[in-house]
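Q: Got structure_25.csv for you, CSV, C-alpha atoms:
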```csv
chain,number,residue,atom,x,y,z
A,736,MET,CA,-91.0,-124.0,52.4
A,737,ARG,CA,-92.6,-125.9,49.5
A,738,ARG,CA,-95.3,-123.2,49.3
A,739,ARG,CA,-92.8,-120.5,49.0
A,740,VAL,CA,-90.7,-122.2,46.4
A,741,PHE,CA,-93.9,-122.8,44.4
A,742,ALA,CA,-94.9,-119.2,44.7
A,743,LEU,CA,-91.5,-118.0,43.4
A,744,ILE,CA,-91.6,-120.3,40.5
A,745,ALA,CA,-95.2,-119.4,39.7
A,746,ALA,CA,-94.4,-115.8,39.9
A,747,GLY,CA,-91.5,-116.0,37.5
A,748,LEU,CA,-88.8,-113.5,37.8
A,749,SER,CA,-90.7,-110.3,38.4
A,750,PHE,CA,-91.0,-109.9,42.2
A,751,ALA,CA,-88.8,-112.8,43.1
A,752,ALA,CA,-85.9,-110.5,43.7
A,753,MET,CA,-87.8,-108.8,46.5
A,754,ALA,CA,-88.1,-112.0,48.5
A,755,ALA,CA,-84.4,-111.8,49.1
A,756,GLU,CA,-84.5,-108.6,51.0
A,757,ARG,CA,-81.6,-106.4,51.8
A,758,PRO,CA,-80.5,-107.4,55.3
A,759,VAL,CA,-81.5,-104.5,57.6
A,760,ALA,CA,-80.3,-104.4,61.1
A,761,GLY,CA,-83.1,-105.5,63.4
A,762,VAL,CA,-85.3,-106.8,60.7
A,763,THR,CA,-86.5,-110.3,60.9
A,764,PRO,CA,-85.8,-112.7,58.0
A,765,VAL,CA,-88.3,-113.1,55.2
A,766,ALA,CA,-90.2,-116.2,56.2
A,767,MET,CA,-91.4,-114.8,59.6
A,768,GLU,CA,-94.1,-112.2,60.2
A,769,LEU,CA,-93.2,-108.6,60.0
A,770,PRO,CA,-92.2,-107.1,63.3
A,771,ILE,CA,-95.2,-104.7,63.3
A,772,PRO,CA,-97.2,-105.0,66.5
A,773,GLN,CA,-100.9,-105.5,65.7
A,774,SER,CA,-102.2,-103.0,68.2
A,775,MET,CA,-100.1,-99.9,68.0
A,776,PRO,CA,-101.2,-96.7,69.7
A,777,LEU,CA,-103.0,-94.3,67.4
A,778,ARG,CA,-100.4,-91.7,67.6
A,779,MET,CA,-97.8,-94.1,66.5
A,780,GLN,CA,-94.5,-93.1,65.0
A,781,ARG,CA,-94.7,-92.4,61.3
A,782,PRO,CA,-93.1,-95.2,59.3
A,783,ILE,CA,-91.2,-92.6,57.2
A,784,PRO,CA,-90.3,-89.6,59.3
A,785,PRO,CA,-91.7,-86.3,57.8
A,786,ALA,CA,-88.2,-85.0,56.9
A,787,ALA,CA,-87.5,-88.1,54.9
A,788,LEU,CA,-90.7,-88.1,52.8
A,789,LYS,CA,-90.1,-88.1,49.0
A,790,GLN,CA,-92.5,-87.6,46.2
A,791,GLY,CA,-93.1,-90.5,43.8
A,792,SER,CA,-91.7,-88.4,41.0
A,793,ALA,CA,-88.4,-88.2,42.8
A,794,PHE,CA,-87.9,-91.8,41.8
A,795,THR,CA,-88.6,-91.3,38.1
A,796,SER,CA,-86.3,-90.3,35.3
A,797,GLU,CA,-85.3,-86.7,34.6
A,798,ALA,CA,-87.3,-86.8,31.3
A,799,ASN,CA,-90.4,-88.0,33.2
A,800,ARG,CA,-90.0,-85.2,35.8
A,801,ALA,CA,-89.7,-82.6,33.1
A,802,LEU,CA,-92.9,-83.9,31.4
A,803,GLN,CA,-94.7,-83.7,34.7
A,804,ALA,CA,-93.5,-80.2,35.4
A,805,ASP,CA,-94.5,-78.9,32.0
A,806,GLU,CA,-98.0,-77.6,32.6
A,807,PHE,CA,-98.8,-77.9,28.9
A,808,ALA,CA,-97.2,-81.1,27.8
A,809,ASN,CA,-98.1,-83.1,31.0
A,810,PRO,CA,-100.8,-85.4,29.4
A,811,GLY,CA,-102.6,-85.5,32.8
A,812,MET,CA,-103.6,-81.9,32.1
A,813,LEU,CA,-105.9,-83.1,29.4
A,814,TRP,CA,-108.0,-84.7,32.1
A,815,VAL,CA,-107.8,-81.6,34.2
A,816,THR,CA,-109.2,-79.7,31.2
A,817,ARG,CA,-112.0,-82.3,30.7
A,818,GLY,CA,-112.8,-82.0,34.4
A,819,GLU,CA,-113.0,-78.2,34.2
A,820,LYS,CA,-115.5,-78.5,31.3
A,821,LEU,CA,-117.6,-81.0,33.3
A,822,TRP,CA,-117.5,-78.7,36.3
A,823,ASN,CA,-119.3,-76.1,34.4
A,824,GLU,CA,-121.8,-78.3,32.6
A,825,PRO,CA,-125.3,-78.7,34.0
A,826,ALA,CA,-126.0,-82.5,34.5
A,827,GLY,CA,-128.6,-84.9,35.8
A,828,SER,CA,-132.3,-84.3,36.3
A,829,ALA,CA,-131.5,-81.5,38.7
A,830,GLY,CA,-129.9,-79.7,35.8
A,831,LYS,CA,-127.2,-78.2,38.0
A,832,SER,CA,-123.5,-77.9,37.3
A,833,CYS,CA,-120.9,-78.4,40.0
A,834,ALA,CA,-120.2,-74.7,39.6
A,835,ALA,CA,-123.8,-73.8,40.3
A,836,CYS,CA,-123.2,-74.9,43.9
A,837,HIS,CA,-119.5,-74.7,44.4
A,838,GLY,CA,-118.6,-71.7,42.3
A,839,ASP,CA,-115.0,-71.1,41.4
A,840,ALA,CA,-113.2,-74.4,42.1
A,841,ALA,CA,-109.9,-72.5,42.7
A,842,GLN,CA,-111.4,-71.3,45.9
A,843,SER,CA,-114.1,-73.8,46.9
A,844,MET,CA,-112.0,-76.9,46.2
A,845,LYS,CA,-108.6,-75.5,47.3
A,846,GLY,CA,-107.2,-78.0,49.9
A,847,ALA,CA,-110.2,-80.4,49.6
A,848,ALA,CA,-108.0,-83.2,48.2
A,849,THR,CA,-105.5,-82.9,51.1
A,850,ARG,CA,-108.3,-84.1,53.5
A,851,TYR,CA,-109.4,-87.2,51.7
A,852,PRO,CA,-110.3,-90.0,52.3
A,853,ARG,CA,-112.6,-88.8,55.1
A,854,ILE,CA,-115.8,-89.8,56.8
A,855,ASP,CA,-118.7,-88.4,54.9
A,856,PRO,CA,-121.5,-87.4,57.4
A,857,GLY,CA,-124.3,-88.2,54.9
A,858,ALA,CA,-123.0,-91.6,53.8
A,859,ALA,CA,-121.7,-92.3,57.4
A,860,ARG,CA,-118.6,-94.0,56.0
A,861,LEU,CA,-115.1,-93.4,54.8
A,862,VAL,CA,-115.1,-92.1,51.2
A,863,ASN,CA,-112.3,-91.1,48.9
A,864,LEU,CA,-112.4,-88.0,46.7
A,865,SER,CA,-113.8,-89.8,43.6
A,866,GLU,CA,-116.6,-91.3,45.8
A,867,ARG,CA,-117.3,-87.9,47.2
A,868,ILE,CA,-117.7,-86.5,43.7
A,869,ASN,CA,-120.0,-89.4,42.8
A,870,LEU,CA,-122.1,-88.6,46.0
A,871,CYS,CA,-122.6,-85.1,44.6
A,872,ARG,CA,-123.6,-86.6,41.2
A,873,GLU,CA,-126.2,-88.7,42.9
A,874,ARG,CA,-127.5,-86.5,45.7
A,875,ASN,CA,-127.1,-83.0,44.3
A,876,GLN,CA,-127.3,-83.5,40.5
A,877,ALA,CA,-129.7,-86.4,40.5
A,878,ALA,CA,-127.4,-88.1,38.0
A,879,ALA,CA,-126.0,-91.6,37.7
A,880,PRO,CA,-122.6,-92.0,39.3
A,881,TYR,CA,-119.6,-92.2,37.0
A,882,GLN,CA,-118.0,-95.6,36.4
A,883,PRO,CA,-114.6,-96.1,38.1
A,884,GLU,CA,-111.7,-95.2,35.8
A,885,SER,CA,-114.1,-93.4,33.4
A,886,ASP,CA,-112.5,-90.4,31.7
A,887,GLU,CA,-115.3,-88.3,33.4
A,888,LEU,CA,-114.5,-89.4,36.9
A,889,LEU,CA,-110.8,-89.2,36.4
A,890,GLY,CA,-111.2,-85.8,34.8
A,891,LEU,CA,-113.3,-84.4,37.7
A,892,SER,CA,-111.0,-85.9,40.3
A,893,ALA,CA,-107.9,-84.6,38.5
A,894,PHE,CA,-109.5,-81.2,38.2
A,895,VAL,CA,-110.5,-81.0,41.9
A,896,THR,CA,-107.2,-82.4,43.1
A,897,TYR,CA,-105.3,-80.0,40.9
A,898,GLN,CA,-106.8,-77.1,43.0
A,899,SER,CA,-104.6,-78.5,45.9
A,900,ARG,CA,-101.4,-78.8,43.9
A,901,GLY,CA,-98.5,-77.8,46.2
A,902,LEU,CA,-100.6,-78.1,49.4
A,903,PRO,CA,-99.5,-80.6,52.0
A,904,MET,CA,-101.5,-83.8,52.7
A,905,ASN,CA,-103.4,-83.2,55.8
A,906,VAL,CA,-105.7,-86.0,57.0
A,907,THR,CA,-106.5,-86.4,60.7
A,908,ILE,CA,-107.1,-89.7,62.5
A,909,ASP,CA,-109.8,-89.3,65.0
A,910,PRO,CA,-112.1,-91.7,66.9
A,911,GLN,CA,-114.5,-91.7,63.9
A,912,ASN,CA,-112.1,-93.0,61.3
A,913,ALA,CA,-109.7,-94.9,63.7
A,914,ARG,CA,-111.1,-98.3,62.8
A,915,ASP,CA,-110.7,-97.7,59.1
A,916,PHE,CA,-107.2,-96.4,59.7
A,917,GLU,CA,-106.2,-99.4,61.7
A,918,ARG,CA,-107.5,-101.8,59.1
A,919,GLY,CA,-105.6,-99.9,56.4
A,920,ARG,CA,-102.4,-100.0,58.4
A,921,ASP,CA,-102.8,-103.7,59.2
A,922,ARG,CA,-103.3,-104.4,55.5
A,923,PHE,CA,-100.1,-102.4,54.7
A,924,TYR,CA,-98.0,-104.6,57.0
A,925,ARG,CA,-99.6,-108.0,56.4
A,926,ARG,CA,-98.1,-110.3,53.8
A,927,MET,CA,-100.3,-111.4,51.0
A,928,GLY,CA,-100.5,-113.2,47.7
A,929,GLN,CA,-98.3,-116.0,46.3
A,930,MET,CA,-95.3,-113.7,46.7
A,931,ASN,CA,-96.0,-113.5,50.4
A,932,LEU,CA,-95.0,-109.9,50.6
A,933,ALA,CA,-96.4,-106.9,52.4
A,934,CYS,CA,-96.7,-103.4,51.0
A,935,ALA,CA,-94.3,-102.3,53.7
A,936,GLN,CA,-91.5,-104.5,52.4
A,937,CYS,CA,-91.3,-102.5,49.3
A,938,HIS,CA,-92.5,-99.1,50.2
A,939,ASP,CA,-91.2,-98.7,53.8
A,940,ARG,CA,-88.0,-100.8,53.6
A,941,ASN,CA,-86.8,-101.0,50.0
A,942,TRP,CA,-87.7,-97.7,48.5
A,943,ASP,CA,-85.0,-96.3,46.2
A,944,ARG,CA,-84.0,-99.8,45.2
A,945,THR,CA,-84.7,-101.1,41.7
A,946,LEU,CA,-87.3,-103.7,40.9
A,947,LEU,CA,-86.7,-104.9,37.3
A,948,PHE,CA,-86.5,-101.6,35.6
A,949,GLU,CA,-88.4,-99.4,38.0
A,950,LYS,CA,-87.3,-97.6,41.1
A,951,ILE,CA,-89.5,-98.4,44.1
A,952,SER,CA,-90.9,-95.2,45.5
A,953,GLN,CA,-92.2,-94.6,49.0
A,954,GLY,CA,-95.7,-95.4,47.8
A,955,HIS,CA,-97.4,-92.1,48.4
A,956,PRO,CA,-100.9,-91.1,47.1
A,957,THR,CA,-99.9,-87.4,46.4
A,958,GLY,CA,-99.5,-87.8,42.6
A,959,PHE,CA,-102.9,-89.3,41.9
A,960,PRO,CA,-104.7,-89.5,39.6
A,961,ILE,CA,-101.6,-90.2,37.5
A,962,TYR,CA,-100.9,-90.4,33.9
A,963,ARG,CA,-99.0,-93.7,33.4
A,964,GLN,CA,-97.2,-94.2,30.1
A,965,GLU,CA,-97.6,-98.0,30.5
A,966,TRP,CA,-101.4,-97.5,30.7
A,967,GLN,CA,-101.3,-94.8,27.9
A,968,THR,CA,-104.0,-93.1,30.0
A,969,MET,CA,-104.9,-91.7,33.4
A,970,GLY,CA,-105.5,-93.9,36.4
A,971,SER,CA,-106.7,-93.6,39.9
A,972,LEU,CA,-104.9,-94.6,43.1
A,973,GLN,CA,-107.1,-97.7,43.3
A,974,ARG,CA,-105.9,-98.8,39.8
A,975,ARG,CA,-102.3,-98.5,41.0
A,976,LEU,CA,-103.1,-100.4,44.3
A,977,ARG,CA,-104.7,-103.1,42.3
A,978,ALA,CA,-101.6,-103.3,40.1
A,979,CYS,CA,-99.5,-103.8,43.3
A,980,TYR,CA,-101.9,-106.6,44.5
A,981,SER,CA,-101.6,-108.2,41.1
A,982,GLY,CA,-97.8,-108.0,41.2
A,983,LEU,CA,-98.0,-109.9,44.5
A,984,ARG,CA,-100.2,-112.5,42.9
A,985,ALA,CA,-102.9,-111.6,45.5
A,986,GLN,CA,-106.6,-111.4,45.0
A,987,MET,CA,-107.4,-107.9,43.7
A,988,PRO,CA,-110.2,-106.1,45.5
A,989,GLU,CA,-112.9,-104.7,43.3
A,990,TYR,CA,-112.9,-100.9,42.6
A,991,GLY,CA,-114.6,-99.2,45.6
A,992,ALA,CA,-113.8,-102.1,48.0
A,993,ARG,CA,-113.6,-100.8,51.6
A,994,GLU,CA,-110.2,-102.5,51.8
A,995,LEU,CA,-108.8,-100.1,49.2
A,996,VAL,CA,-110.3,-97.0,50.7
A,997,GLU,CA,-108.9,-97.9,54.1
A,998,LEU,CA,-105.5,-98.4,52.6
A,999,GLU,CA,-105.9,-95.0,50.9
A,1000,LEU,CA,-106.5,-93.4,54.3
A,1001,PHE,CA,-103.4,-95.1,55.8
A,1002,LEU,CA,-101.3,-93.9,52.8
A,1003,ALA,CA,-102.7,-90.4,53.1
A,1004,TRP,CA,-101.8,-90.2,56.8
A,1005,ARG,CA,-98.4,-91.8,56.1
A,1006,ALA,CA,-97.8,-88.9,53.5
A,1007,ASN,CA,-99.1,-86.1,55.8
A,1008,GLY,CA,-97.0,-83.0,55.1
A,1009,LEU,CA,-96.0,-84.0,51.5
A,1010,PRO,CA,-97.4,-81.7,48.9
A,1011,ILE,CA,-99.9,-82.8,46.3
A,1012,GLU,CA,-98.2,-83.2,42.9
A,1013,ALA,CA,-101.2,-84.4,40.8
A,1014,PRO,CA,-101.5,-84.9,38.0
A,1015,ALA,CA,-98.3,-86.8,38.2
A,1016,VAL,CA,-96.6,-88.7,35.3
A,1017,ARG,CA,-95.3,-92.2,35.7
A,1018,ARG,CA,-93.4,-94.6,33.6
B,547,MET,CA,-112.8,-84.7,22.2
B,548,VAL,CA,-110.8,-82.6,24.7
B,549,ALA,CA,-107.8,-80.7,23.4
B,550,ARG,CA,-105.4,-78.2,24.8
B,551,ILE,CA,-103.8,-75.6,22.6
B,552,GLN,CA,-101.1,-73.1,23.4
B,553,VAL,CA,-100.5,-70.1,21.2
B,554,PRO,CA,-99.0,-66.8,22.4
B,555,LYS,CA,-101.8,-64.2,22.8
B,556,GLU,CA,-99.6,-61.5,21.3
B,557,ALA,CA,-96.6,-61.5,19.1
B,558,LYS,CA,-94.5,-59.0,17.1
B,559,ARG,CA,-94.9,-59.1,13.3
B,560,GLY,CA,-92.3,-61.5,11.8
B,561,GLU,CA,-91.7,-63.2,15.2
B,562,LEU,CA,-91.4,-67.0,15.2
B,563,ILE,CA,-94.0,-68.5,17.5
B,564,ALA,CA,-94.4,-72.0,19.0
B,565,VAL,CA,-97.8,-73.6,18.5
B,566,ARG,CA,-98.6,-76.6,20.8
B,567,ILE,CA,-101.6,-78.9,20.7
B,568,ALA,CA,-102.5,-82.0,22.7
B,569,ILE,CA,-105.6,-84.1,22.0
B,570,GLN,CA,-107.1,-86.6,24.4
B,571,HIS,CA,-107.5,-89.7,22.3
B,572,PRO,CA,-106.8,-93.4,22.9
B,573,MET,CA,-105.1,-93.8,19.4
B,574,GLU,CA,-106.1,-97.4,19.2
B,575,THR,CA,-103.5,-99.1,17.0
B,576,GLY,CA,-105.7,-101.8,15.5
B,577,PHE,CA,-103.1,-104.4,16.6
B,578,ARG,CA,-104.7,-105.2,20.0
B,579,PHE,CA,-107.3,-107.7,21.0
B,580,ASP,CA,-110.0,-107.5,23.7
B,581,HIS,CA,-110.5,-110.0,26.5
B,582,SER,CA,-112.5,-112.3,24.3
B,583,GLY,CA,-109.9,-112.3,21.5
B,584,LYS,CA,-111.7,-110.0,19.2
B,585,PRO,CA,-109.5,-107.5,17.4
B,586,ILE,CA,-110.1,-103.9,18.6
B,587,PRO,CA,-110.6,-101.8,15.4
B,588,LYS,CA,-108.0,-99.2,14.6
B,589,ASN,CA,-109.1,-95.7,15.6
B,590,VAL,CA,-106.5,-92.9,15.5
B,591,VAL,CA,-106.7,-89.2,14.9
B,592,ASN,CA,-105.7,-89.6,11.3
B,593,THR,CA,-105.6,-86.0,10.2
B,594,LEU,CA,-104.9,-82.7,12.0
B,595,THR,CA,-104.8,-79.4,10.2
B,596,CYS,CA,-104.1,-75.8,11.4
B,597,SER,CA,-104.9,-72.8,9.3
B,598,TYR,CA,-103.9,-69.2,10.1
B,599,GLY,CA,-105.9,-66.4,8.6
B,600,GLY,CA,-107.6,-68.9,6.3
B,601,VAL,CA,-104.5,-70.4,5.0
B,602,GLU,CA,-103.4,-74.0,5.9
B,603,ILE,CA,-100.0,-73.7,7.6
B,604,PHE,CA,-99.7,-77.2,9.2
B,605,ARG,CA,-101.0,-80.7,8.4
B,606,ALA,CA,-100.3,-83.9,10.2
B,607,GLU,CA,-101.3,-87.4,9.0
B,608,MET,CA,-101.0,-89.9,11.8
B,609,GLY,CA,-101.1,-93.6,12.0
B,610,SER,CA,-100.8,-96.5,14.4
B,611,GLY,CA,-97.3,-95.5,15.5
B,612,ILE,CA,-98.4,-92.4,17.4
B,613,SER,CA,-98.9,-92.7,21.1
B,614,ALA,CA,-102.2,-92.1,22.9
B,615,ASN,CA,-103.1,-88.5,23.6
B,616,PRO,CA,-100.8,-87.1,20.8
B,617,TYR,CA,-99.0,-83.9,21.5
B,618,LEU,CA,-97.7,-81.9,18.6
B,619,GLN,CA,-95.6,-78.7,18.4
B,620,PHE,CA,-94.6,-76.6,15.4
B,621,TYR,CA,-93.4,-73.1,14.7
B,622,THR,CA,-94.9,-70.5,12.4
B,623,ARG,CA,-94.2,-66.8,11.7
B,624,ALA,CA,-96.6,-64.2,13.1
B,625,THR,CA,-97.9,-62.3,10.1
B,626,ALA,CA,-101.1,-60.6,11.0
B,627,SER,CA,-103.7,-60.6,13.8
B,628,GLY,CA,-106.3,-63.3,13.3
B,629,GLU,CA,-107.4,-66.8,14.2
B,630,LEU,CA,-105.7,-70.1,14.2
B,631,VAL,CA,-108.2,-72.8,13.4
B,632,PHE,CA,-107.4,-76.4,14.4
B,633,GLU,CA,-109.4,-79.3,13.0
B,634,TRP,CA,-109.0,-83.0,13.3
B,635,VAL,CA,-110.8,-86.2,12.7
B,636,ASP,CA,-110.4,-89.8,13.8
B,637,ASP,CA,-111.0,-93.1,12.0
B,638,ALA,CA,-114.5,-93.4,13.6
B,639,GLY,CA,-115.4,-90.1,11.9
B,640,GLU,CA,-115.5,-88.1,15.2
B,641,ARG,CA,-114.4,-84.5,14.6
B,642,GLY,CA,-112.9,-81.9,16.8
B,643,SER,CA,-112.0,-78.3,16.3
B,644,GLU,CA,-110.7,-75.3,18.3
B,645,ARG,CA,-110.0,-71.7,17.5
B,646,VAL,CA,-107.4,-69.4,19.1
B,647,ALA,CA,-107.0,-65.7,18.4
B,648,ILE,CA,-103.6,-64.0,18.1
B,649,THR,CA,-102.8,-60.3,18.1
B,650,VAL,CA,-99.9,-59.2,16.0
B,651,THR,CA,-98.3,-55.8,16.7
B,652,GLY,CA,-95.6,-53.7,14.9
```
Reformat the file's structure so that it appears as structure tokens.

A:
Amino acid sequence: MRRRVFALIAAGLSFAAMAAERPVAGVTPVAMELPIPQSMPLRMQRPIPPAALKQGSAFTSEANRALQADEFANPGMLWVTRGEKLWNEPAGSAGKSCAACHGDAAQSMKGAATRYPRIDPGAARLVNLSERINLCRERNQAAAPYQPESDELLGLSAFVTYQSRGLPMNVTIDPQNARDFERGRDRFYRRMGQMNLACAQCHDRNWDRTLLFEKISQGHPTGFPIYRQEWQTMGSLQRRLRACYSGLRAQMPEYGARELVELELFLAWRANGLPIEAPAVRR
Amino acid sequence: MVARIQVPKEAKRGELIAVRIAIQHPMETGFRFDHSGKPIPKNVVNTLTCSYGGVEIFRAEMGSGISANPYLQFYTRATASGELVFEWVDDAGERGSERVAITVTG
């Protein structure tokens, strides 16, 4: 009890409201563990049934949605344009552009983003789309990988993801990625940080409720990379996840941490069927 | 500097056309400090001009109050086929430019 009280005081007002959850029939009170069994079968029930899935933008203001829908004014499109330029520029000591191997992105990259994160056979590990792009930088262009959150990496990942706009998320869980998936799922349902909250408490149970001045969405990855007004720039899904960790006063994993990529896989599966809406605009 | 420009490819003589430009730029206000407490120098796109057929038709002088990645829109009358030339510069002296052709009929 003392620990919780301390956590709430230390955290100030921001997330304190969430500790007093809306009473939901069949849901255990806050101080106990979440009623999520640790070993669920792989083909477990989706936390949000496919018919109830809603895009992150559905929880934003009308003006925000209009900005996102405007193909010209959407500021994220500047990164798509930057990515398109990079796509066609030779780079690295191999002197090859992405286009030299992949040709027209509208064809070669269509649907690619809907399948990530996935196990990369060469790297023999789970990689997200940005990591996959950096693998091509290193292996195929013989160039240095881009830094996380650099305009170049965000640009290329926005450009590649844009080729899947409107296509439904479509990751498969198989014996190869099952361990990663389970770790991501466990993380999603485990309480963390001084706030002692789990991702699920906000994004499974309390979506559509207001936290301070923001509506909580279902926490889908389909809009990423996003342009966030608060950041005044583009950001990756990992940046957003780190922001949620920070809101919980939990230790933030580094960019590229396995924990984040595993979470990304769980989020992608949880959103299966929901169309990609990147580059999305957020408050 | 990456920019996106939207001008109709074709217009009728005398028609009012919308010109839209967005520039990727952090528009650093000069009021912020970095993690070690040092002020981050102001760096904004301070001037943007657009000329049409060699004549300046639009000029914007911007300061700290403009958000990152500024997006501007203005209207002009289509007078003759030609080029719209956009030029801009930031406080660090970095320049950008883009040209867009328009065909005017009638």

Q: What are the closest atom pairs, with distances in Å to one decimal, for all residues of region 566-610 of chain B lying within 12 Å of region 815-831 of chain A? Consider only C-alpha atoms, order rows by chain and residue number, and present the result as CSV.

A:
```
residue,atom,partner,partner_atom,distance
B:Ala568,CA,A:Thr816,CA,11.1
B:Ile569,CA,A:Thr816,CA,10.8
B:Gln570,CA,A:Arg817,CA,9.1
```

Q: Could those selected residues go to a file with C-alpha atoms, as an mmCIF file, keeping the file's coordinate frame?

A:
```cif
data_model
loop_
_atom_site.group_PDB
_atom_site.id
_atom_site.type_symbol
_atom_site.label_atom_id
_atom_site.label_comp_id
_atom_site.auth_asym_id
_atom_site.auth_seq_id
_atom_site.Cartn_x
_atom_site.Cartn_y
_atom_site.Cartn_z
ATOM 1 C CA ALA B 568 -102.500 -82.000 22.700
ATOM 2 C CA ILE B 569 -105.600 -84.100 22.000
ATOM 3 C CA GLN B 570 -107.100 -86.600 24.400
#
```

Q: Would you list the contacts of region 962-970 of chain A as a list in words, taking every protein, DNA or RNA residue within 8 Å and counting all atoms listed in the file, but skipping same-chain residues closer than 3 positions in sequence?

A: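 Here the qualifying residues turn out to be Pro810, Gly811, Trp814, Glu884, Asp886, Leu889, Phe959, Arg974, Arg975, Pro1014, Ala1015, Val1016, Arg1017 and Arg1018 of chain A; Pro572, Ser613, Ala614 and Asn615 of chain B.
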
Q: Near Arg559 (chain B), within 12 Å and counting all atoms listed in the file, which residues show up once chain neighbours fewer than 3 positions away are dropped, as a PyMOL selection string?

A: chain B and resi 556+562-563+622-627+648-652

Q: Figure out the distance between CA of Phe620 (chain B) and CA of Ala564 (chain B), please, to one decimal in Å.

A: 5.8 Å

Q: Grab the CA of Leu813 (chain A) to CA of Pro880 (chain A) distance for me, in Å with one decimal place.

A: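 Atom-to-atom, CA of Leu813 (chain A) to CA of Pro880 (chain A), that is 21.4 Å.
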
Q: Could you list the residues in chain B lying within 12 Å of chain A, using only C-alpha atoms, and format the result as a list of chain:residue names?

A: B:Met547, B:Val548, B:Ala549, B:Arg550, B:Ile551, B:Gln552, B:Val553, B:Val565, B:Arg566, B:Ile567, B:Ala568, B:Ile569, B:Gln570, B:His571, B:Pro572, B:Met573, B:Glu574, B:Thr575, B:Ile612, B:Ser613, B:Ala614, B:Asn615, B:Pro616, B:Tyr617, B:Leu618, B:Gln619

Q: Just want the 9 Å neighbourhood of Leu1009 (chain A), counted on all atoms listed in the file, with same-chain residues fewer than 6 positions away dropped. Output as a list in words.

A: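 So, after excluding close chain neighbours, the residues are Pro785, Leu788, Lys789, Gln790, Gly901, Leu902, Pro903, Met904, Asn905, His955 and Thr957 of chain A.
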
Q: Report, in Å with one decimal, the straight-line distance from CA of Asn589 (chain B) to CA of Phe632 (chain B).

A: 19.4 Å

Q: For a quick check of your reading of the model, name the residues lying within 12 Å of the coordinate (-114.8, -102.1, 16.6), counting all atoms listed in the file, and write them as a tab-separated table (two decimals) with C-alpha atoms, in the coordinates of the input.

A:
```tsv
chain	number	residue	atom	x	y	z
B	574	GLU	CA	-106.10	-97.40	19.20
B	575	THR	CA	-103.50	-99.10	17.00
B	576	GLY	CA	-105.70	-101.80	15.50
B	577	PHE	CA	-103.10	-104.40	16.60
B	578	ARG	CA	-104.70	-105.20	20.00
B	579	PHE	CA	-107.30	-107.70	21.00
B	580	ASP	CA	-110.00	-107.50	23.70
B	584	LYS	CA	-111.70	-110.00	19.20
B	585	PRO	CA	-109.50	-107.50	17.40
B	586	ILE	CA	-110.10	-103.90	18.60
B	587	PRO	CA	-110.60	-101.80	15.40
B	588	LYS	CA	-108.00	-99.20	14.60
B	589	ASN	CA	-109.10	-95.70	15.60
B	637	ASP	CA	-111.00	-93.10	12.00
B	638	ALA	CA	-114.50	-93.40	13.60
```

Q: If we count all atoms listed in the file and set the cut-off at 8 Å, which residues sit around Gly642 (chain B), ignoring sequence neighbours fewer than 3 positions away in its own chain? Please answer as number ranges by chain.

A: B: 547, 633-635

Q: For Trp1004 (chain A), which of A:Gly982, A:Pro782, A:Pro910, A:Pro883 is the closest residue, counting only C-alpha atoms?

A: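 The closest residue to Trp1004 (chain A) is A:Pro782.
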
Q: Skip region 919-926 of chain A itself and residues of its chain fewer than 2 positions away, then list as a ChimeraX atom specification all residues within 9 Å of it, counting all atoms listed in the file.

A: /A:768-771,773,914-917,928,930-936,994-1002

Q: With C-alpha atoms retained, could you export that selection as a short mmCIF file (atom, residue, chain, number, x, y, z; two decimals), keeping the file's coordinate frame?

A:
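What ended up in selection-v1.cif:
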```cif
data_model
loop_
_atom_site.label_atom_id
_atom_site.label_comp_id
_atom_site.auth_asym_id
_atom_site.auth_seq_id
_atom_site.Cartn_x
_atom_site.Cartn_y
_atom_site.Cartn_z
CA GLU A 768 -94.10 -112.20 60.20
CA LEU A 769 -93.20 -108.60 60.00
CA PRO A 770 -92.20 -107.10 63.30
CA ILE A 771 -95.20 -104.70 63.30
CA GLN A 773 -100.90 -105.50 65.70
CA ARG A 914 -111.10 -98.30 62.80
CA ASP A 915 -110.70 -97.70 59.10
CA PHE A 916 -107.20 -96.40 59.70
CA GLU A 917 -106.20 -99.40 61.70
CA GLY A 928 -100.50 -113.20 47.70
CA MET A 930 -95.30 -113.70 46.70
CA ASN A 931 -96.00 -113.50 50.40
CA LEU A 932 -95.00 -109.90 50.60
CA ALA A 933 -96.40 -106.90 52.40
CA CYS A 934 -96.70 -103.40 51.00
CA ALA A 935 -94.30 -102.30 53.70
CA GLN A 936 -91.50 -104.50 52.40
CA GLU A 994 -110.20 -102.50 51.80
CA LEU A 995 -108.80 -100.10 49.20
CA VAL A 996 -110.30 -97.00 50.70
CA GLU A 997 -108.90 -97.90 54.10
CA LEU A 998 -105.50 -98.40 52.60
CA GLU A 999 -105.90 -95.00 50.90
CA LEU A 1000 -106.50 -93.40 54.30
CA PHE A 1001 -103.40 -95.10 55.80
CA LEU A 1002 -101.30 -93.90 52.80
#
```

Q: For Pro956 (chain A), which residue out of A:Arg800, A:Arg944, A:Arg1005, A:Arg872 is the nearest one, using all atoms listed in the file?

A: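 Comparing A:Arg800, A:Arg944, A:Arg1005, A:Arg872 against Pro956 (chain A), the winner is A:Arg1005.
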